[in-house]
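K.L.:
Below is run27.pdb; it holds PDB, N, CA and C atoms.
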ATOM      1  N   LEU O   1     267.197  42.638 126.355
ATOM      2  CA  LEU O   1     265.814  42.293 126.632
ATOM      3  C   LEU O   1     265.094  43.522 127.176
ATOM      4  N   SER O   2     263.890  43.700 126.720
ATOM      5  CA  SER O   2     263.132  44.846 127.212
ATOM      6  C   SER O   2     261.649  44.535 127.183
ATOM      7  N   GLY O   3     261.184  43.865 128.210
ATOM      8  CA  GLY O   3     259.773  43.571 128.326
ATOM      9  C   GLY O   3     259.237  42.673 127.230
ATOM     10  N   GLY O   4     260.065  41.830 126.648
ATOM     11  CA  GLY O   4     259.604  40.918 125.614
ATOM     12  C   GLY O   4     259.530  41.541 124.235
ATOM     13  N   ASP O   5     259.881  42.831 124.120
ATOM     14  CA  ASP O   5     259.782  43.513 122.836
ATOM     15  C   ASP O   5     260.790  42.998 121.815
ATOM     16  N   ASP O   6     261.777  42.265 122.266
ATOM     17  CA  ASP O   6     262.796  41.755 121.355
ATOM     18  C   ASP O   6     262.299  40.562 120.546
ATOM     19  N   PHE O   7     261.142  40.039 120.867
ATOM     20  CA  PHE O   7     260.610  38.881 120.165
ATOM     21  C   PHE O   7     259.573  39.367 119.165
ATOM     22  N   PRO O   8     259.827  39.169 117.893
ATOM     23  CA  PRO O   8     258.966  39.749 116.847
ATOM     24  C   PRO O   8     257.627  39.039 116.704
ATOM     25  N   THR O   9     256.652  39.813 116.289
ATOM     26  CA  THR O   9     255.366  39.235 115.914
ATOM     27  C   THR O   9     255.546  38.579 114.555
ATOM     28  N   ILE O  10     254.570  37.780 114.155
ATOM     29  CA  ILE O  10     254.668  37.147 112.837
ATOM     30  C   ILE O  10     254.637  38.201 111.737
ATOM     31  N   GLY O  11     253.905  39.281 111.967
ATOM     32  CA  GLY O  11     253.876  40.366 110.983
ATOM     33  C   GLY O  11     255.238  41.012 110.814
ATOM     34  N   MET O  12     255.933  41.218 111.930
ATOM     35  CA  MET O  12     257.274  41.800 111.865
ATOM     36  C   MET O  12     258.240  40.871 111.137
ATOM     37  N   THR O  13     258.149  39.583 111.432
ATOM     38  CA  THR O  13     259.024  38.608 110.785
ATOM     39  C   THR O  13     258.758  38.549 109.290
ATOM     40  N   ALA O  14     257.476  38.507 108.913
ATOM     41  CA  ALA O  14     257.117  38.453 107.488
ATOM     42  C   ALA O  14     257.640  39.680 106.756
ATOM     43  N   GLU O  15     257.481  40.836 107.366
ATOM     44  CA  GLU O  15     257.974  42.068 106.737
ATOM     45  C   GLU O  15     259.493  42.021 106.585
ATOM     46  N   PHE O  16     260.179  41.529 107.609
ATOM     47  CA  PHE O  16     261.640  41.461 107.572
ATOM     48  C   PHE O  16     262.137  40.570 106.441
ATOM     49  N   VAL O  17     261.461  39.445 106.217
ATOM     50  CA  VAL O  17     261.899  38.517 105.169
ATOM     51  C   VAL O  17     261.262  38.817 103.818
ATOM     52  N   GLY O  18     260.407  39.828 103.766
ATOM     53  CA  GLY O  18     259.863  40.280 102.493
ATOM     54  C   GLY O  18     258.764  39.420 101.911
ATOM     55  N   MET O  19     257.874  38.934 102.759
ATOM     56  CA  MET O  19     256.745  38.161 102.250
ATOM     57  C   MET O  19     255.519  38.454 103.101
ATOM     58  N   SER O  20     254.382  37.992 102.625
ATOM     59  CA  SER O  20     253.151  38.195 103.384
ATOM     60  C   SER O  20     253.127  37.254 104.584
ATOM     61  N   VAL O  21     252.296  37.599 105.551
ATOM     62  CA  VAL O  21     252.156  36.752 106.735
ATOM     63  C   VAL O  21     251.691  35.358 106.330
ATOM     64  N   ARG O  22     250.715  35.292 105.453
ATOM     65  CA  ARG O  22     250.177  33.995 105.036
ATOM     66  C   ARG O  22     251.231  33.140 104.326
ATOM     67  N   THR O  23     252.044  33.753 103.479
ATOM     68  CA  THR O  23     253.112  33.006 102.801
ATOM     69  C   THR O  23     254.109  32.479 103.824
ATOM     70  N   LEU O  24     254.469  33.303 104.785
ATOM     71  CA  LEU O  24     255.384  32.859 105.839
ATOM     72  C   LEU O  24     254.768  31.699 106.613
ATOM     73  N   GLN O  25     253.495  31.791 106.958
ATOM     74  CA  GLN O  25     252.830  30.709 107.676
ATOM     75  C   GLN O  25     252.851  29.411 106.871
ATOM     76  N   ARG O  26     252.572  29.517 105.579
ATOM     77  CA  ARG O  26     252.587  28.316 104.726
ATOM     78  C   ARG O  26     253.979  27.705 104.666
ATOM     79  N   ARG O  27     254.986  28.526 104.506
ATOM     80  CA  ARG O  27     256.360  27.998 104.404
ATOM     81  C   ARG O  27     256.821  27.380 105.722
ATOM     82  N   LEU O  28     256.460  28.007 106.824
ATOM     83  CA  LEU O  28     256.809  27.420 108.120
ATOM     84  C   LEU O  28     256.089  26.091 108.318
ATOM     85  N   ALA O  29     254.817  26.041 107.946
ATOM     86  CA  ALA O  29     254.044  24.803 108.076
ATOM     87  C   ALA O  29     254.655  23.696 107.224
ATOM     88  N   ARG O  30     255.085  24.048 106.017
ATOM     89  CA  ARG O  30     255.728  23.069 105.134
ATOM     90  C   ARG O  30     256.997  22.517 105.777
ATOM     91  N   ALA O  31     257.675  23.348 106.564
ATOM     92  CA  ALA O  31     258.900  22.926 107.239
ATOM     93  C   ALA O  31     258.614  22.278 108.597
ATOM     94  N   GLY O  32     257.323  22.177 108.945
ATOM     95  CA  GLY O  32     256.958  21.549 110.212
ATOM     96  C   GLY O  32     257.129  22.452 111.411
ATOM     97  N   ALA O  33     257.021  23.751 111.201
ATOM     98  CA  ALA O  33     257.205  24.708 112.292
ATOM     99  C   ALA O  33     256.097  25.751 112.260
ATOM    100  N   CYS O  34     256.028  26.529 113.314
ATOM    101  CA  CYS O  34     255.138  27.680 113.321
ATOM    102  C   CYS O  34     255.843  28.810 114.071
ATOM    103  N   HIS O  35     255.444  30.010 113.765
ATOM    104  CA  HIS O  35     256.111  31.190 114.328
ATOM    105  C   HIS O  35     256.080  31.166 115.847
ATOM    106  N   HIS O  36     254.947  30.840 116.411
ATOM    107  CA  HIS O  36     254.807  30.819 117.865
ATOM    108  C   HIS O  36     255.821  29.868 118.511
ATOM    109  N   GLU O  37     256.002  28.688 117.936
ATOM    110  CA  GLU O  37     256.970  27.720 118.461
ATOM    111  C   GLU O  37     258.396  28.245 118.353
ATOM    112  N   LEU O  38     258.705  28.896 117.245
ATOM    113  CA  LEU O  38     260.053  29.445 117.071
ATOM    114  C   LEU O  38     260.343  30.543 118.088
ATOM    115  N   VAL O  39     259.344  31.375 118.358
ATOM    116  CA  VAL O  39     259.508  32.422 119.372
ATOM    117  C   VAL O  39     259.687  31.780 120.750
ATOM    118  N   ALA O  40     258.914  30.746 121.045
ATOM    119  CA  ALA O  40     259.046  30.050 122.325
ATOM    120  C   ALA O  40     260.438  29.443 122.478
ATOM    121  N   GLN O  41     260.965  28.857 121.401
ATOM    122  CA  GLN O  41     262.318  28.295 121.443
ATOM    123  C   GLN O  41     263.357  29.386 121.688
ATOM    124  N   ALA O  42     263.161  30.539 121.076
ATOM    125  CA  ALA O  42     264.090  31.655 121.284
ATOM    126  C   ALA O  42     264.016  32.154 122.721
ATOM    127  N   ARG O  43     262.803  32.217 123.265
ATOM    128  CA  ARG O  43     262.650  32.627 124.665
ATOM    129  C   ARG O  43     263.365  31.647 125.594
ATOM    130  N   PHE O  44     263.195  30.347 125.333
ATOM    131  CA  PHE O  44     263.855  29.354 126.177
ATOM    132  C   PHE O  44     265.374  29.467 126.066
ATOM    133  N   ALA O  45     265.876  29.593 124.848
ATOM    134  CA  ALA O  45     267.330  29.705 124.659
ATOM    135  C   ALA O  45     267.878  30.926 125.381
ATOM    136  N   THR O  46     267.148  32.023 125.307
ATOM    137  CA  THR O  46     267.565  33.243 126.000
ATOM    138  C   THR O  46     267.546  33.032 127.507
ATOM    139  N   ALA O  47     266.453  32.447 128.006
ATOM    140  CA  ALA O  47     266.333  32.201 129.445
ATOM    141  C   ALA O  47     267.439  31.285 129.939
ATOM    142  N   ALA O  48     267.690  30.206 129.216
ATOM    143  CA  ALA O  48     268.728  29.257 129.622
ATOM    144  C   ALA O  48     270.097  29.928 129.665
ATOM    145  N   ALA O  49     270.399  30.735 128.659
ATOM    146  CA  ALA O  49     271.692  31.424 128.620
ATOM    147  C   ALA O  49     271.838  32.388 129.786
ATOM    148  N   VAL O  50     270.785  33.134 130.076
ATOM    149  CA  VAL O  50     270.837  34.085 131.196
ATOM    150  C   VAL O  50     271.001  33.337 132.512
ATOM    151  N   LEU O  51     270.260  32.249 132.691
ATOM    152  CA  LEU O  51     270.372  31.476 133.933
ATOM    153  C   LEU O  51     271.756  30.866 134.098
ATOM    154  N   GLU O  52     272.366  30.439 133.008
ATOM    155  CA  GLU O  52     273.700  29.822 133.077
ATOM    156  C   GLU O  52     274.806  30.843 133.313
ATOM    157  N   ARG O  53     274.639  32.052 132.802
ATOM    158  CA  ARG O  53     275.744  33.010 132.793
ATOM    159  C   ARG O  53     275.636  34.145 133.790
ATOM    160  N   THR O  54     274.469  34.325 134.414
ATOM    161  CA  THR O  54     274.307  35.460 135.321
ATOM    162  C   THR O  54     273.606  35.030 136.603
ATOM    163  N   ASP O  55     273.580  35.948 137.544
ATOM    164  CA  ASP O  55     272.838  35.746 138.787
ATOM    165  C   ASP O  55     271.554  36.561 138.780
ATOM    166  N   ALA O  56     271.061  36.914 137.604
ATOM    167  CA  ALA O  56     269.854  37.724 137.485
ATOM    168  C   ALA O  56     268.695  37.046 138.209
ATOM    169  N   LYS O  57     267.851  37.850 138.824
ATOM    170  CA  LYS O  57     266.693  37.309 139.516
ATOM    171  C   LYS O  57     265.717  36.721 138.505
ATOM    172  N   ILE O  58     265.087  35.640 138.889
ATOM    173  CA  ILE O  58     264.162  34.949 137.992
ATOM    174  C   ILE O  58     262.978  35.840 137.653
ATOM    175  N   LEU O  59     262.490  36.621 138.612
ATOM    176  CA  LEU O  59     261.388  37.539 138.327
ATOM    177  C   LEU O  59     261.791  38.555 137.266
ATOM    178  N   ALA O  60     262.983  39.110 137.375
ATOM    179  CA  ALA O  60     263.456  40.085 136.386
ATOM    180  C   ALA O  60     263.577  39.437 135.010
ATOM    181  N   LEU O  61     264.078  38.226 134.969
ATOM    182  CA  LEU O  61     264.204  37.506 133.704
ATOM    183  C   LEU O  61     262.831  37.257 133.097
ATOM    184  N   ALA O  62     261.886  36.825 133.918
ATOM    185  CA  ALA O  62     260.527  36.563 133.433
ATOM    186  C   ALA O  62     259.922  37.823 132.821
ATOM    187  N   LEU O  63     260.054  38.936 133.507
ATOM    188  CA  LEU O  63     259.504  40.191 132.997
ATOM    189  C   LEU O  63     260.220  40.632 131.729
ATOM    190  N   ASP O  64     261.527  40.454 131.674
ATOM    191  CA  ASP O  64     262.289  40.815 130.482
ATOM    192  C   ASP O  64     261.883  39.977 129.266
ATOM    193  N   LEU O  65     261.456  38.751 129.510
ATOM    194  CA  LEU O  65     261.041  37.875 128.417
ATOM    195  C   LEU O  65     259.582  38.072 128.029
ATOM    196  N   GLY O  66     258.902  38.996 128.703
ATOM    197  CA  GLY O  66     257.529  39.326 128.337
ATOM    198  C   GLY O  66     256.457  38.587 129.105
ATOM    199  N   TYR O  67     256.829  37.873 130.152
ATOM    200  CA  TYR O  67     255.830  37.195 130.983
ATOM    201  C   TYR O  67     255.288  38.178 132.010
ATOM    202  N   SER O  68     254.007  38.024 132.353
ATOM    203  CA  SER O  68     253.377  38.954 133.290
ATOM    204  C   SER O  68     253.817  38.702 134.731
ATOM    205  N   ASP O  69     254.244  37.489 135.034
ATOM    206  CA  ASP O  69     254.767  37.196 136.369
ATOM    207  C   ASP O  69     255.664  35.965 136.310
ATOM    208  N   HIS O  70     256.363  35.718 137.406
ATOM    209  CA  HIS O  70     257.328  34.617 137.394
ATOM    210  C   HIS O  70     256.651  33.255 137.369
ATOM    211  N   ALA O  71     255.407  33.133 137.844
ATOM    212  CA  ALA O  71     254.719  31.838 137.838
ATOM    213  C   ALA O  71     254.468  31.360 136.406
ATOM    214  N   ASN O  72     254.025  32.259 135.539
ATOM    215  CA  ASN O  72     253.811  31.878 134.131
ATOM    216  C   ASN O  72     255.127  31.482 133.478
ATOM    217  N   PHE O  73     256.167  32.240 133.763
ATOM    218  CA  PHE O  73     257.486  31.923 133.223
ATOM    219  C   PHE O  73     257.963  30.568 133.733
ATOM    220  N   THR O  74     257.808  30.318 135.021
ATOM    221  CA  THR O  74     258.271  29.064 135.605
ATOM    222  C   THR O  74     257.546  27.871 134.996
ATOM    223  N   ARG O  75     256.225  27.993 134.782
ATOM    224  CA  ARG O  75     255.473  26.905 134.145
ATOM    225  C   ARG O  75     255.984  26.647 132.726
ATOM    226  N   ALA O  76     256.175  27.715 131.964
ATOM    227  CA  ALA O  76     256.677  27.556 130.593
ATOM    228  C   ALA O  76     258.078  26.950 130.609
ATOM    229  N   PHE O  77     258.936  27.445 131.487
ATOM    230  CA  PHE O  77     260.307  26.937 131.551
ATOM    231  C   PHE O  77     260.304  25.454 131.916
ATOM    232  N   ARG O  78     259.441  25.066 132.853
ATOM    233  CA  ARG O  78     259.356  23.662 133.261
ATOM    234  C   ARG O  78     258.932  22.776 132.082
ATOM    235  N   ARG O  79     258.015  23.276 131.228
ATOM    236  CA  ARG O  79     257.618  22.530 130.023
ATOM    237  C   ARG O  79     258.813  22.343 129.096
ATOM    238  N   TRP O  80     259.626  23.384 128.929
ATOM    239  CA  TRP O  80     260.764  23.324 128.007
ATOM    240  C   TRP O  80     261.892  22.455 128.538
ATOM    241  N   ALA O  81     262.251  22.671 129.815
ATOM    242  CA  ALA O  81     263.468  22.060 130.357
ATOM    243  C   ALA O  81     263.219  20.852 131.252
ATOM    244  N   GLY O  82     261.985  20.666 131.691
ATOM    245  CA  GLY O  82     261.710  19.556 132.588
ATOM    246  C   GLY O  82     262.052  19.838 134.033
ATOM    247  N   CYS O  83     262.414  21.080 134.329
ATOM    248  CA  CYS O  83     262.718  21.476 135.698
ATOM    249  C   CYS O  83     262.473  22.975 135.831
ATOM    250  N   SER O  84     262.463  23.447 137.051
ATOM    251  CA  SER O  84     262.232  24.873 137.274
ATOM    252  C   SER O  84     263.486  25.680 136.912
ATOM    253  N   PRO O  85     263.330  26.983 136.708
ATOM    254  CA  PRO O  85     264.508  27.818 136.430
ATOM    255  C   PRO O  85     265.550  27.743 137.552
ATOM    256  N   ARG O  86     265.087  27.681 138.781
ATOM    257  CA  ARG O  86     266.016  27.593 139.929
ATOM    258  C   ARG O  86     266.814  26.285 139.876
ATOM    259  N   GLU O  87     266.120  25.173 139.588
ATOM    260  CA  GLU O  87     266.809  23.887 139.477
ATOM    261  C   GLU O  87     267.784  23.893 138.299
ATOM    262  N   TYR O  88     267.372  24.475 137.194
ATOM    263  CA  TYR O  88     268.226  24.561 136.005
ATOM    264  C   TYR O  88     269.509  25.312 136.332
ATOM    265  N   ARG O  89     269.367  26.426 137.033
ATOM    266  CA  ARG O  89     270.537  27.236 137.393
ATOM    267  C   ARG O  89     271.470  26.465 138.316
ATOM    268  N   SER O  90     270.943  25.698 139.230
ATOM    269  CA  SER O  90     271.805  24.992 140.189
ATOM    270  C   SER O  90     272.536  23.813 139.558
ATOM    271  N   ARG O  91     272.037  23.327 138.439
ATOM    272  CA  ARG O  91     272.709  22.204 137.746
ATOM    273  C   ARG O  91     273.926  22.725 137.102
TER     274      ARG O  91
END
Using structure tokens, write down the structure from this file.
P.N.:
Amino acid sequence: LSGGDDFPTIGMTAEFVGMSVRTLQRRLARAGACHHELVAQARFATAAAVLERTDAKILALALDLGYSDHANFTRAFRRWAGCSPREYRSR
């Protein structure tokens, strides 16, 4: 993780799979998904794994995932998991 740079933009993803951004958007929509949601799911999966396997500080994790501060990260994490990162780690 490096300041959220590990999460690709839709342009980067489209280029990687060899199609235009619009074609990728259409195909994702047909599958009932969107790039932003997929990136959010990847961020949550990464956060959950780090919280389960390490003692990394939540602020450091938030910054590594590209959040400007831990409050924004905590709100997003609470939406995904139904609890705060601290509560998730203690479970």
K.L.:
Considering only N, CA and C atoms, return as a ChimeraX atom specification whatever protein or nucleic-acid residues lie within 7 Å of stretch 73-84 of chain O, sequence-local ones (same chain, fewer than 5 positions apart) excluded.
P.N.:
/O:44,62,67-68,89
K.L.:
Generate the output file for the selected residues, N, CA and C atoms, as a tab-separated table (two decimals), in the frame of the given file.
P.N.:
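Now in again.tsv:
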chain	number	residue	atom	x	y	z
O	44	PHE	N	263.20	30.35	125.33
O	44	PHE	CA	263.86	29.35	126.18
O	44	PHE	C	265.37	29.47	126.07
O	62	ALA	N	261.89	36.83	133.92
O	62	ALA	CA	260.53	36.56	133.43
O	62	ALA	C	259.92	37.82	132.82
O	67	TYR	N	256.83	37.87	130.15
O	67	TYR	CA	255.83	37.20	130.98
O	67	TYR	C	255.29	38.18	132.01
O	68	SER	N	254.01	38.02	132.35
O	68	SER	CA	253.38	38.95	133.29
O	68	SER	C	253.82	38.70	134.73
O	89	ARG	N	269.37	26.43	137.03
O	89	ARG	CA	270.54	27.24	137.39
O	89	ARG	C	271.47	26.46	138.32
K.L.:
To one decimal in Å, tell me the separation between atom N of O:Ala56 and atom C of O:Pro85.
P.N.:
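Separation between atom N of O:Ala56 and atom C of O:Pro85: 10.7 Å.
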K.L.:
Counting only N, CA and C atoms, what is within 6.5 Å of stretch 50-53 of chain O, bar same-chain residues fewer than 4 positions away, as a list in words?
P.N.:
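So, after excluding close chain neighbours, the residues are Ala45, Thr46, Tyr88 and Arg89 of chain O.
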K.L.:
By how many Å are atom CA of O:Leu59 and atom CA of O:Val39 apart?
P.N.:
19.7 Å
K.L.:
Rounded to one decimal in Å, what is the spacing between atom C of O:Ala40 and atom CA of O:Arg91?
P.N.:
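Value for the atom C of O:Ala40-atom CA of O:Arg91 distance: 20.9 Å.
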K.L.:
When the PyMOL selection byres (((chain O and resi 24 and name CA) around 10) and name CA) is applied to the structure above, which residues does it catch, written out as a list of chain:residue names?
P.N.:
O:Ile10, O:Gly11, O:Thr13, O:Ala14, O:Glu15, O:Val17, O:Gly18, O:Met19, O:Ser20, O:Val21, O:Arg22, O:Thr23, O:Gln25, O:Arg26, O:Arg27, O:Leu28, O:Ala29, O:Arg30, O:Cys34, O:His35
K.L.:
Restricting the calculation to only C-alpha atoms, which member of O:Asn72, O:Gln41, O:Thr54, O:Ser90 is positioned closest to O:Phe7?
P.N.:
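Closest candidate: O:Gln41.
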